[in-house]
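Asker: Next comes upload_5.cif, mmCIF, C-alpha atoms:
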data_entry
loop_
_atom_site.group_PDB
_atom_site.id
_atom_site.type_symbol
_atom_site.label_atom_id
_atom_site.label_comp_id
_atom_site.auth_asym_id
_atom_site.auth_seq_id
_atom_site.Cartn_x
_atom_site.Cartn_y
_atom_site.Cartn_z
ATOM 1 C CA MET A 60 0.000 0.000 0.000
ATOM 2 C CA ASN A 61 1.055 3.570 -0.726
ATOM 3 C CA ILE A 62 -0.789 5.342 2.085
ATOM 4 C CA ASP A 63 -1.374 9.085 2.092
ATOM 5 C CA VAL A 64 -2.926 10.860 5.103
ATOM 6 C CA ARG A 65 -4.557 14.237 4.505
ATOM 7 C CA PRO A 66 -7.470 16.394 5.729
ATOM 8 C CA LEU A 67 -10.929 15.435 4.488
ATOM 9 C CA ILE A 68 -12.702 18.337 2.825
ATOM 10 C CA GLY A 69 -16.306 18.933 1.834
ATOM 11 C CA PRO A 70 -19.552 16.967 2.164
ATOM 12 C CA THR A 71 -18.570 14.153 -0.189
ATOM 13 C CA GLU A 72 -15.519 13.202 1.849
ATOM 14 C CA ALA A 73 -17.488 13.648 5.085
ATOM 15 C CA GLU A 74 -20.022 11.136 3.755
ATOM 16 C CA ALA A 75 -17.215 8.747 2.809
ATOM 17 C CA ALA A 76 -15.817 9.009 6.342
ATOM 18 C CA THR A 77 -19.219 8.209 7.821
ATOM 19 C CA ARG A 78 -19.607 5.184 5.538
ATOM 20 C CA LEU A 79 -16.191 3.882 6.521
ATOM 21 C CA LEU A 80 -16.938 4.259 10.234
ATOM 22 C CA ALA A 81 -20.240 2.428 9.756
ATOM 23 C CA GLU A 82 -18.357 -0.388 8.044
ATOM 24 C CA VAL A 83 -15.771 -0.666 10.808
ATOM 25 C CA TRP A 84 -18.338 -0.608 13.611
ATOM 26 C CA GLY A 85 -20.713 -2.960 11.815
ATOM 27 C CA THR A 86 -23.735 -0.676 11.535
ATOM 28 C CA PRO A 87 -25.908 0.709 8.716
ATOM 29 C CA TYR A 88 -24.875 4.096 7.373
ATOM 30 C CA GLU A 89 -27.785 5.688 9.243
ATOM 31 C CA SER A 90 -26.398 4.372 12.560
ATOM 32 C CA SER A 91 -22.742 5.210 11.955
ATOM 33 C CA PRO A 92 -20.804 6.196 15.097
ATOM 34 C CA ILE A 93 -20.651 9.776 13.773
ATOM 35 C CA PRO A 94 -23.368 10.974 11.340
ATOM 36 C CA GLY A 95 -22.282 12.620 8.119
ATOM 37 C CA ASP A 96 -23.606 16.056 9.039
ATOM 38 C CA VAL A 97 -21.650 15.974 12.308
ATOM 39 C CA VAL A 98 -18.477 14.867 10.528
ATOM 40 C CA ARG A 99 -18.920 17.725 8.078
ATOM 41 C CA SER A 100 -19.519 20.226 10.886
ATOM 42 C CA ILE A 101 -16.391 19.107 12.726
ATOM 43 C CA SER A 102 -14.339 19.688 9.613
ATOM 44 C CA ALA A 103 -15.991 22.969 8.650
ATOM 45 C CA TRP A 104 -15.443 24.550 12.082
ATOM 46 C CA GLY A 105 -11.805 23.697 12.500
ATOM 47 C CA GLY A 106 -11.840 20.220 14.011
ATOM 48 C CA CYS A 107 -9.368 17.499 13.140
ATOM 49 C CA LEU A 108 -10.697 15.293 10.339
ATOM 50 C CA LEU A 109 -8.006 13.252 8.606
ATOM 51 C CA GLY A 110 -8.309 10.405 6.154
ATOM 52 C CA ALA A 111 -5.866 7.713 5.090
ATOM 53 C CA PHE A 112 -5.985 6.889 1.388
ATOM 54 C CA ASP A 113 -4.607 4.036 -0.642
ATOM 55 C CA GLY A 114 -4.742 5.750 -4.003
ATOM 56 C CA GLU A 115 -8.342 6.980 -4.226
ATOM 57 C CA ASP A 116 -9.590 4.438 -1.664
ATOM 58 C CA LEU A 117 -10.380 5.843 1.796
ATOM 59 C CA ILE A 118 -9.146 3.194 4.249
ATOM 60 C CA GLY A 119 -8.954 5.055 7.559
ATOM 61 C CA VAL A 120 -10.325 8.053 9.448
ATOM 62 C CA VAL A 121 -9.444 9.921 12.627
ATOM 63 C CA VAL A 122 -11.713 12.604 14.099
ATOM 64 C CA GLY A 123 -10.915 15.089 16.876
ATOM 65 C CA ILE A 124 -12.433 18.205 18.400
ATOM 66 C CA ALA A 125 -11.175 20.932 20.686
ATOM 67 C CA ALA A 126 -12.061 20.678 24.347
ATOM 68 C CA ALA A 127 -13.409 23.675 26.278
ATOM 69 C CA PRO A 128 -12.514 27.149 24.990
ATOM 70 C CA HIS A 129 -8.847 27.985 25.552
ATOM 71 C CA SER A 130 -8.076 24.393 26.547
ATOM 72 C CA ASP A 131 -4.756 22.923 25.421
ATOM 73 C CA THR A 132 -6.347 19.525 24.779
ATOM 74 C CA LEU A 133 -7.665 17.885 21.619
ATOM 75 C CA ALA A 134 -10.327 15.237 22.222
ATOM 76 C CA SER A 135 -9.829 12.407 19.745
ATOM 77 C CA LEU A 136 -13.351 11.116 19.179
ATOM 78 C CA ILE A 137 -12.742 8.099 17.004
ATOM 79 C CA THR A 138 -10.197 6.301 14.854
ATOM 80 C CA GLY A 139 -11.313 3.675 12.365
ATOM 81 C CA VAL A 140 -9.484 1.546 9.820
ATOM 82 C CA ALA A 141 -11.207 -0.492 7.122
ATOM 83 C CA PRO A 142 -10.926 -4.263 7.662
ATOM 84 C CA ARG A 143 -9.265 -4.622 4.242
ATOM 85 C CA ALA A 144 -6.372 -2.473 5.546
ATOM 86 C CA ALA A 145 -5.910 -4.251 8.878
ATOM 87 C CA GLY A 146 -2.286 -4.837 9.834
ATOM 88 C CA ALA A 147 -0.899 -2.241 7.412
ATOM 89 C CA GLY A 148 -0.056 0.332 10.094
ATOM 90 C CA VAL A 149 -2.831 2.692 9.042
ATOM 91 C CA GLY A 150 -3.974 3.424 12.597
ATOM 92 C CA ARG A 151 -0.490 4.447 13.646
ATOM 93 C CA LEU A 152 -0.126 6.705 10.604
ATOM 94 C CA LEU A 153 -3.448 8.368 11.412
ATOM 95 C CA LYS A 154 -2.538 8.971 15.054
ATOM 96 C CA SER A 155 0.874 10.311 14.044
ATOM 97 C CA ALA A 156 -0.756 12.709 11.578
ATOM 98 C CA GLN A 157 -3.238 13.784 14.246
ATOM 99 C CA ARG A 158 -0.359 14.519 16.602
ATOM 100 C CA GLU A 159 1.354 16.631 13.925
ATOM 101 C CA TRP A 160 -1.938 18.444 13.296
ATOM 102 C CA ALA A 161 -2.222 19.185 17.012
ATOM 103 C CA ALA A 162 1.395 20.347 17.359
ATOM 104 C CA GLU A 163 0.970 22.826 14.502
ATOM 105 C CA ARG A 164 -1.937 24.397 16.423
ATOM 106 C CA GLY A 165 -0.258 24.612 19.817
ATOM 107 C CA VAL A 166 -2.133 21.710 21.370
ATOM 108 C CA ALA A 167 -0.346 20.179 24.358
ATOM 109 C CA GLY A 168 -2.194 16.902 24.735
ATOM 110 C CA ILE A 169 -4.591 14.553 22.957
ATOM 111 C CA GLU A 170 -7.090 12.523 24.972
ATOM 112 C CA TRP A 171 -9.389 9.653 24.068
ATOM 113 C CA THR A 172 -11.005 6.586 25.562
ATOM 114 C CA TYR A 173 -10.775 2.910 24.706
ATOM 115 C CA ASP A 174 -12.178 -0.378 25.954
ATOM 116 C CA PRO A 175 -9.624 -1.761 28.449
ATOM 117 C CA LEU A 176 -10.647 -5.347 27.648
ATOM 118 C CA VAL A 177 -9.449 -5.162 24.021
ATOM 119 C CA ARG A 178 -5.810 -6.266 24.122
ATOM 120 C CA ARG A 179 -4.717 -4.962 20.743
ATOM 121 C CA ASN A 180 -6.026 -1.488 21.605
ATOM 122 C CA ALA A 181 -4.193 -1.491 24.932
ATOM 123 C CA HIS A 182 -0.953 -2.444 23.177
ATOM 124 C CA PHE A 183 -1.506 0.162 20.458
ATOM 125 C CA ASN A 184 -2.361 3.012 22.827
ATOM 126 C CA LEU A 185 0.035 2.350 25.702
ATOM 127 C CA ASP A 186 3.035 0.748 23.981
ATOM 128 C CA LEU A 187 3.093 2.051 20.408
ATOM 129 C CA LEU A 188 1.711 5.554 21.038
ATOM 130 C CA GLY A 189 3.075 6.020 24.565
ATOM 131 C CA ALA A 190 -0.253 7.169 26.004
ATOM 132 C CA ASP A 191 -0.684 7.528 29.763
ATOM 133 C CA VAL A 192 -3.800 6.331 31.555
ATOM 134 C CA VAL A 193 -5.646 9.181 33.264
ATOM 135 C CA LYS A 194 -8.447 7.184 34.887
ATOM 136 C CA TYR A 195 -10.898 4.312 34.621
ATOM 137 C CA GLU A 196 -14.429 5.429 33.774
ATOM 138 C CA VAL A 197 -17.497 3.331 34.584
ATOM 139 C CA GLU A 198 -20.234 3.448 31.896
ATOM 140 C CA HIS A 199 -18.529 6.284 30.035
ATOM 141 C CA TYR A 200 -21.077 6.086 27.198
ATOM 142 C CA PRO A 201 -24.711 5.019 26.960
ATOM 143 C CA PRO A 202 -25.111 1.457 25.613
ATOM 144 C CA ILE A 203 -23.708 1.149 22.077
ATOM 145 C CA PRO A 204 -25.610 -1.456 20.041
ATOM 146 C CA ASP A 205 -23.093 -1.843 17.218
ATOM 147 C CA GLY A 206 -21.156 -4.827 15.925
ATOM 148 C CA ILE A 207 -18.189 -4.196 18.207
ATOM 149 C CA ASN A 208 -19.723 -3.195 21.539
ATOM 150 C CA ALA A 209 -22.895 -5.307 21.258
ATOM 151 C CA GLY A 210 -24.629 -3.293 23.965
ATOM 152 C CA ASP A 211 -22.111 -4.254 26.676
ATOM 153 C CA PRO A 212 -21.407 -1.866 29.579
ATOM 154 C CA THR A 213 -19.177 0.889 28.215
ATOM 155 C CA ASP A 214 -16.438 1.135 30.838
ATOM 156 C CA ARG A 215 -13.401 2.864 29.354
ATOM 157 C CA LEU A 216 -9.863 3.946 30.115
ATOM 158 C CA LEU A 217 -9.245 7.640 29.490
ATOM 159 C CA VAL A 218 -5.732 8.133 28.109
ATOM 160 C CA ARG A 219 -3.629 11.141 27.187
ATOM 161 C CA VAL A 220 -0.676 11.627 24.867
ATOM 162 C CA ASP A 221 1.707 14.524 25.419
ATOM 163 C CA VAL A 222 2.071 16.008 21.937
ATOM 164 C CA ARG A 223 5.645 17.135 22.601
ATOM 165 C CA SER A 224 7.189 14.236 24.464
ATOM 166 C CA ALA A 225 5.211 10.980 24.277
ATOM 167 C CA ALA A 226 7.244 8.066 22.909
ATOM 168 C CA PRO A 227 6.731 4.340 22.408
ATOM 169 C CA ARG A 228 7.457 2.234 25.470
ATOM 170 C CA ASP A 229 8.541 -1.352 25.944
ATOM 171 C CA PRO A 230 5.997 -3.882 27.172
ATOM 172 C CA ALA A 231 5.899 -3.979 30.976
ATOM 173 C CA ASP A 232 7.116 -7.569 31.440
ATOM 174 C CA ASP A 233 10.603 -6.695 32.732
ATOM 175 C CA LEU A 234 9.286 -3.971 35.019
ATOM 176 C CA ALA A 235 6.642 -6.304 36.407
ATOM 177 C CA ALA A 236 9.313 -8.899 37.157
ATOM 178 C CA ARG A 237 11.556 -6.355 38.890
ATOM 179 C CA LEU A 238 8.662 -5.174 41.038
ATOM 180 C CA GLY A 239 7.554 -8.691 41.898
ATOM 181 C CA ALA A 240 4.059 -7.944 40.593
ATOM 182 C CA VAL A 241 1.312 -10.394 41.556
ATOM 183 C CA VAL A 242 -1.545 -11.541 39.330
ATOM 184 C CA VAL A 243 -4.860 -10.237 40.649
ATOM 185 C CA LEU A 244 -6.973 -11.024 37.563
ATOM 186 C CA ASP A 245 -6.342 -13.559 34.826
ATOM 187 C CA GLU A 246 -8.075 -15.817 32.317
ATOM 188 C CA GLY A 247 -9.137 -19.325 33.235
ATOM 189 C CA ASP A 248 -9.049 -22.327 30.924
ATOM 190 C CA ASP A 249 -12.737 -21.736 30.231
ATOM 191 C CA GLY A 250 -12.073 -18.177 29.044
ATOM 192 C CA ARG A 251 -13.749 -16.650 32.077
ATOM 193 C CA PRO A 252 -12.060 -14.237 34.507
ATOM 194 C CA ARG A 253 -10.394 -15.399 37.721
ATOM 195 C CA LEU A 254 -10.006 -12.932 40.576
ATOM 196 C CA HIS A 255 -7.192 -13.356 43.096
ATOM 197 C CA ASP A 256 -6.072 -11.665 46.300
ATOM 198 C CA ARG A 257 -5.004 -8.036 45.940
ATOM 199 C CA PRO A 258 -2.071 -7.419 48.323
ATOM 200 C CA GLU A 259 -1.873 -3.738 49.158
ATOM 201 C CA ASP A 260 1.927 -3.616 49.260
ATOM 202 C CA ALA A 261 2.522 -5.258 45.852
ATOM 203 C CA ALA A 262 2.243 -4.191 42.233
ATOM 204 C CA TRP A 263 -0.708 -5.803 40.455
ATOM 205 C CA LEU A 264 -1.086 -7.548 37.115
ATOM 206 C CA VAL A 265 -4.599 -7.125 35.766
ATOM 207 C CA GLY A 266 -5.237 -9.560 32.926
ATOM 208 C CA THR A 267 -7.567 -9.240 29.949
ATOM 209 C CA PRO A 268 -9.453 -11.827 27.868
ATOM 210 C CA SER A 269 -7.636 -13.147 24.827
ATOM 211 C CA ASP A 270 -10.513 -12.118 22.534
ATOM 212 C CA VAL A 271 -13.352 -10.209 24.191
ATOM 213 C CA GLU A 272 -15.049 -9.414 20.888
ATOM 214 C CA THR A 273 -15.529 -13.107 20.124
ATOM 215 C CA LEU A 274 -16.752 -13.627 23.679
ATOM 216 C CA ARG A 275 -19.432 -10.987 23.156
ATOM 217 C CA ARG A 276 -20.755 -12.926 20.185
ATOM 218 C CA GLU A 277 -20.385 -16.448 21.542
ATOM 219 C CA ASP A 278 -20.552 -16.228 25.352
ATOM 220 C CA ARG A 279 -22.160 -13.003 26.509
ATOM 221 C CA ASP A 280 -22.188 -14.096 30.151
ATOM 222 C CA ALA A 281 -18.416 -14.508 30.033
ATOM 223 C CA SER A 282 -17.872 -11.104 28.429
ATOM 224 C CA LEU A 283 -20.047 -9.455 31.076
ATOM 225 C CA ALA A 284 -18.152 -11.322 33.800
ATOM 226 C CA TRP A 285 -14.914 -9.879 32.429
ATOM 227 C CA ARG A 286 -16.343 -6.366 32.477
ATOM 228 C CA GLN A 287 -17.441 -6.733 36.091
ATOM 229 C CA ALA A 288 -14.139 -8.260 37.192
ATOM 230 C CA ALA A 289 -12.024 -5.582 35.500
ATOM 231 C CA ARG A 290 -14.249 -2.875 36.929
ATOM 232 C CA GLU A 291 -13.844 -4.279 40.436
ATOM 233 C CA VAL A 292 -10.045 -4.397 40.203
ATOM 234 C CA PHE A 293 -9.565 -0.994 38.575
ATOM 235 C CA ARG A 294 -11.875 0.648 41.099
ATOM 236 C CA ALA A 295 -10.024 -1.059 43.949
ATOM 237 C CA GLY A 296 -6.770 0.234 42.437
ATOM 238 C CA ALA A 297 -8.000 3.766 41.801
ATOM 239 C CA ASP A 298 -5.028 5.116 43.768
ATOM 240 C CA ARG A 299 -2.579 3.212 41.563
ATOM 241 C CA VAL A 300 -0.795 4.130 38.330
ATOM 242 C CA VAL A 301 -1.086 2.085 35.159
ATOM 243 C CA ALA A 302 2.626 1.629 34.505
ATOM 244 C CA GLY A 303 2.356 -0.420 31.342
ATOM 245 C CA PHE A 304 0.944 -3.416 29.512
ATOM 246 C CA THR A 305 2.588 -6.817 29.186
ATOM 247 C CA ARG A 306 3.043 -9.041 26.147
ATOM 248 C CA SER A 307 0.650 -11.545 27.682
ATOM 249 C CA GLY A 308 -2.111 -8.946 27.917
ATOM 250 C CA ALA A 309 -2.028 -7.631 31.490
ATOM 251 C CA TYR A 310 -1.989 -4.111 32.879
ATOM 252 C CA LEU A 311 0.682 -3.354 35.460
ATOM 253 C CA LEU A 312 -0.715 -1.251 38.324
ATOM 254 C CA THR A 313 1.775 0.254 40.749
ATOM 255 C CA LYS A 314 1.482 2.377 43.880
ATOM 256 C CA GLY A 315 3.268 5.288 42.214
ATOM 257 C CA PRO A 316 5.527 6.325 39.316
ATOM 258 C CA THR A 317 8.246 3.798 38.465
ATOM 259 C CA SER A 318 10.792 6.223 37.071
#
For this file, write the structure as structure tokens.
Answerer:
Amino acid sequence: MNIDVRPLIGPTEAEAATRLLAEVWGTPYESSPIPGDVVRSISAWGGCLLGAFDGEDLIGVVVGIAAAPHSDTLASLITGVAPRAAGAGVGRLLKSAQREWAAERGVAGIEWTYDPLVRRNAHFNLDLLGADVVKYEVEHYPPIPDGINAGDPTDRLLVRVDVRSAAPRDPADDLAARLGAVVVLDEGDDGRPRLHDRPEDAAWLVGTPSDVETLRREDRDASLAWRQAAREVFRAGADRVVAGFTRSGAYLLTKGPTS
């Protein structure tokens, strides 16, 4: 692929962005995560609307808006990549272009949310982009009845990237070993969550399901059990810092900064 990332301009490209987002989230055009008129308005009034193209084919979109007046933060609403372009690095190119867009406009930080149970998103956000976790949010959105969320509770991690200094980080395996981190949540042989003791004086490893999206389709009770278990642990560790994410799919929670 010869991928070019550029601003999307005009109603035709706004409609194309909406269609792509509907495709990614598995909804009809009319139920796309962001309607075409809203996409167009974001672009027309100075928001961040960037598209990734393979030739003339739109294969990815990232959308962001300014926070409160005079804020130094860009809220990244959504990033979507067409399934046909999966694994081609399109998401990283879009987020890099968004960061450049923000830097040119004096923005200090970009914030967004993601589902903490989706391993690939945790790796992408925390390791590849170098985002920092701000907090765990319970039911951040109303129920989302699309092909990805399937109406599950919408707990999210709010993360922030420093536009000037964020950098990729290594997976947290070595740090977890040095700290003697203990597993407080992991995946059983049946795919369901297993909760363990949470020693106050130790770093915690908070596991995730190997494929929560398949669980939502095939074993809804298990996916809901994972949401409840993760919620319980993150709320219990609200005074802790998310110091990284391991190769095996676990968050490392520590009592304070590790460097």
Asker: So which residues get picked by the PyMOL selection byres ((chain A and resi 262-269) around 7) here, written as a compact mmCIF listing (two decimals) with C-alpha atoms, keeping the file's coordinate frame?
Answerer:
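Final output, part.txt:
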# COMPACT_ATOMS: atom_id res chain seq x y z
CA LEU A 176 -10.65 -5.35 27.65
CA ARG A 178 -5.81 -6.27 24.12
CA LEU A 238 8.66 -5.17 41.04
CA GLY A 239 7.55 -8.69 41.90
CA ALA A 240 4.06 -7.94 40.59
CA VAL A 241 1.31 -10.39 41.56
CA VAL A 242 -1.54 -11.54 39.33
CA VAL A 243 -4.86 -10.24 40.65
CA LEU A 244 -6.97 -11.02 37.56
CA ASP A 245 -6.34 -13.56 34.83
CA GLU A 246 -8.07 -15.82 32.32
CA GLY A 250 -12.07 -18.18 29.04
CA ALA A 261 2.52 -5.26 45.85
CA ASP A 270 -10.51 -12.12 22.53
CA VAL A 271 -13.35 -10.21 24.19
CA GLY A 308 -2.11 -8.95 27.92
CA ALA A 309 -2.03 -7.63 31.49
CA TYR A 310 -1.99 -4.11 32.88
CA LEU A 311 0.68 -3.35 35.46
CA LEU A 312 -0.72 -1.25 38.32
CA THR A 313 1.78 0.25 40.75
CA LYS A 314 1.48 2.38 43.88
Asker: In Å, with one decimal, what is the gap from atom CA of His199 of chain A to atom CA of Leu67 of chain A?
Answerer: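 Going from atom CA of His199 of chain A over to atom CA of Leu67 of chain A covers 28.2 Å.
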Asker: Determine the residue set returned by the PyMOL selection byres ((chain A and resi 152-167) around 7) for the present structure, and present it as a ChimeraX atom specification.
Answerer: /A:64,111,121,131-133,148-151,168,221-223
Asker: Just checking: using only C-alpha atoms, which residue out of A:Leu274, A:Leu234, A:Leu136, A:Val98 ends up closest to Val177 of chain A?
Answerer: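 Closest residue, counting only C-alpha atoms: A:Leu274.
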Asker: Which residues fall under the PyMOL selection byres ((chain A and resi 142-146) around 7) in this file, as a PyMOL selection string?
Answerer: chain A and resi 83+118+140-141+147-148
Asker: Give as a ChimeraX atom specification each residue that has an atom at most 7 Å from (-13.5, -14.0, 36.3) in the file, counting all atoms listed in the file.
Answerer: /A:246,251-254,284-285,288
Asker: Measuring between all atoms listed in the file, which one of A:Glu198, A:Asp186, A:Asp214, A:Asp63 shows the shortest distance to Ala231 of chain A?
Answerer: A:Asp186
Asker: So the first atom is atom CA of Pro70 of chain A and the second is atom CA of Asn208 of chain A; what is the distance between them in Å, to one decimal place?
Answerer: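 Straight-line distance from atom CA of Pro70 of chain A to atom CA of Asn208 of chain A works out to 28.0 Å.
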Asker: Kindly indicate which residue among A:Leu283, A:Glu115, A:Ala126, A:Gly139 lies nearest to Arg78 of chain A, using all atoms listed in the file for the distances.
Answerer: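 Residue with the minimum atom-to-atom distance to Arg78 of chain A: A:Gly139.
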Asker: Enter the distance from atom CA of Ala127 of chain A to atom CA of Gly69 of chain A, in Å, rounded to one decimal.
Answerer: 25.1 Å
Asker: Around all of segment 237-256 of chain A's listed atoms, make the axis-aligned box with 5 Å on each side and tell me centre and edge lengths in Å to one decimal, as AutoDock Vina command-line options.
Answerer:
--center_x -1.1 --center_y -13.8 --center_z 37.7 --size_x 35.3 --size_y 27.2 --size_z 27.3
Asker: Could you pull out every residue with an atom within 6 Å of (-15.8, 5.0, 13.3), file coordinates, counting only C-alpha atoms, and send them as a PyMOL selection string?
Answerer: chain A and resi 80+92+137-139
Asker: Could you check which of A:Gly247, A:Val197, A:Gly85, A:Ile169 is closest to Gly123 of chain A, using all atoms listed in the file?
Answerer: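 Selected residue with least distance to Gly123 of chain A: A:Ile169.
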Asker: Which residue out of A:Ala73, A:Val300, A:Met60, A:Leu187 has the minimum interatomic distance to Gly95 of chain A when all atoms listed in the file are used?
Answerer: A:Ala73
Asker: Ranking A:Leu216, A:Ala236, A:Val122, A:Val301 by minimum distance to Ser102 of chain A and counting all atoms listed in the file, which one comes first?
Answerer: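 Closest candidate: A:Val122.
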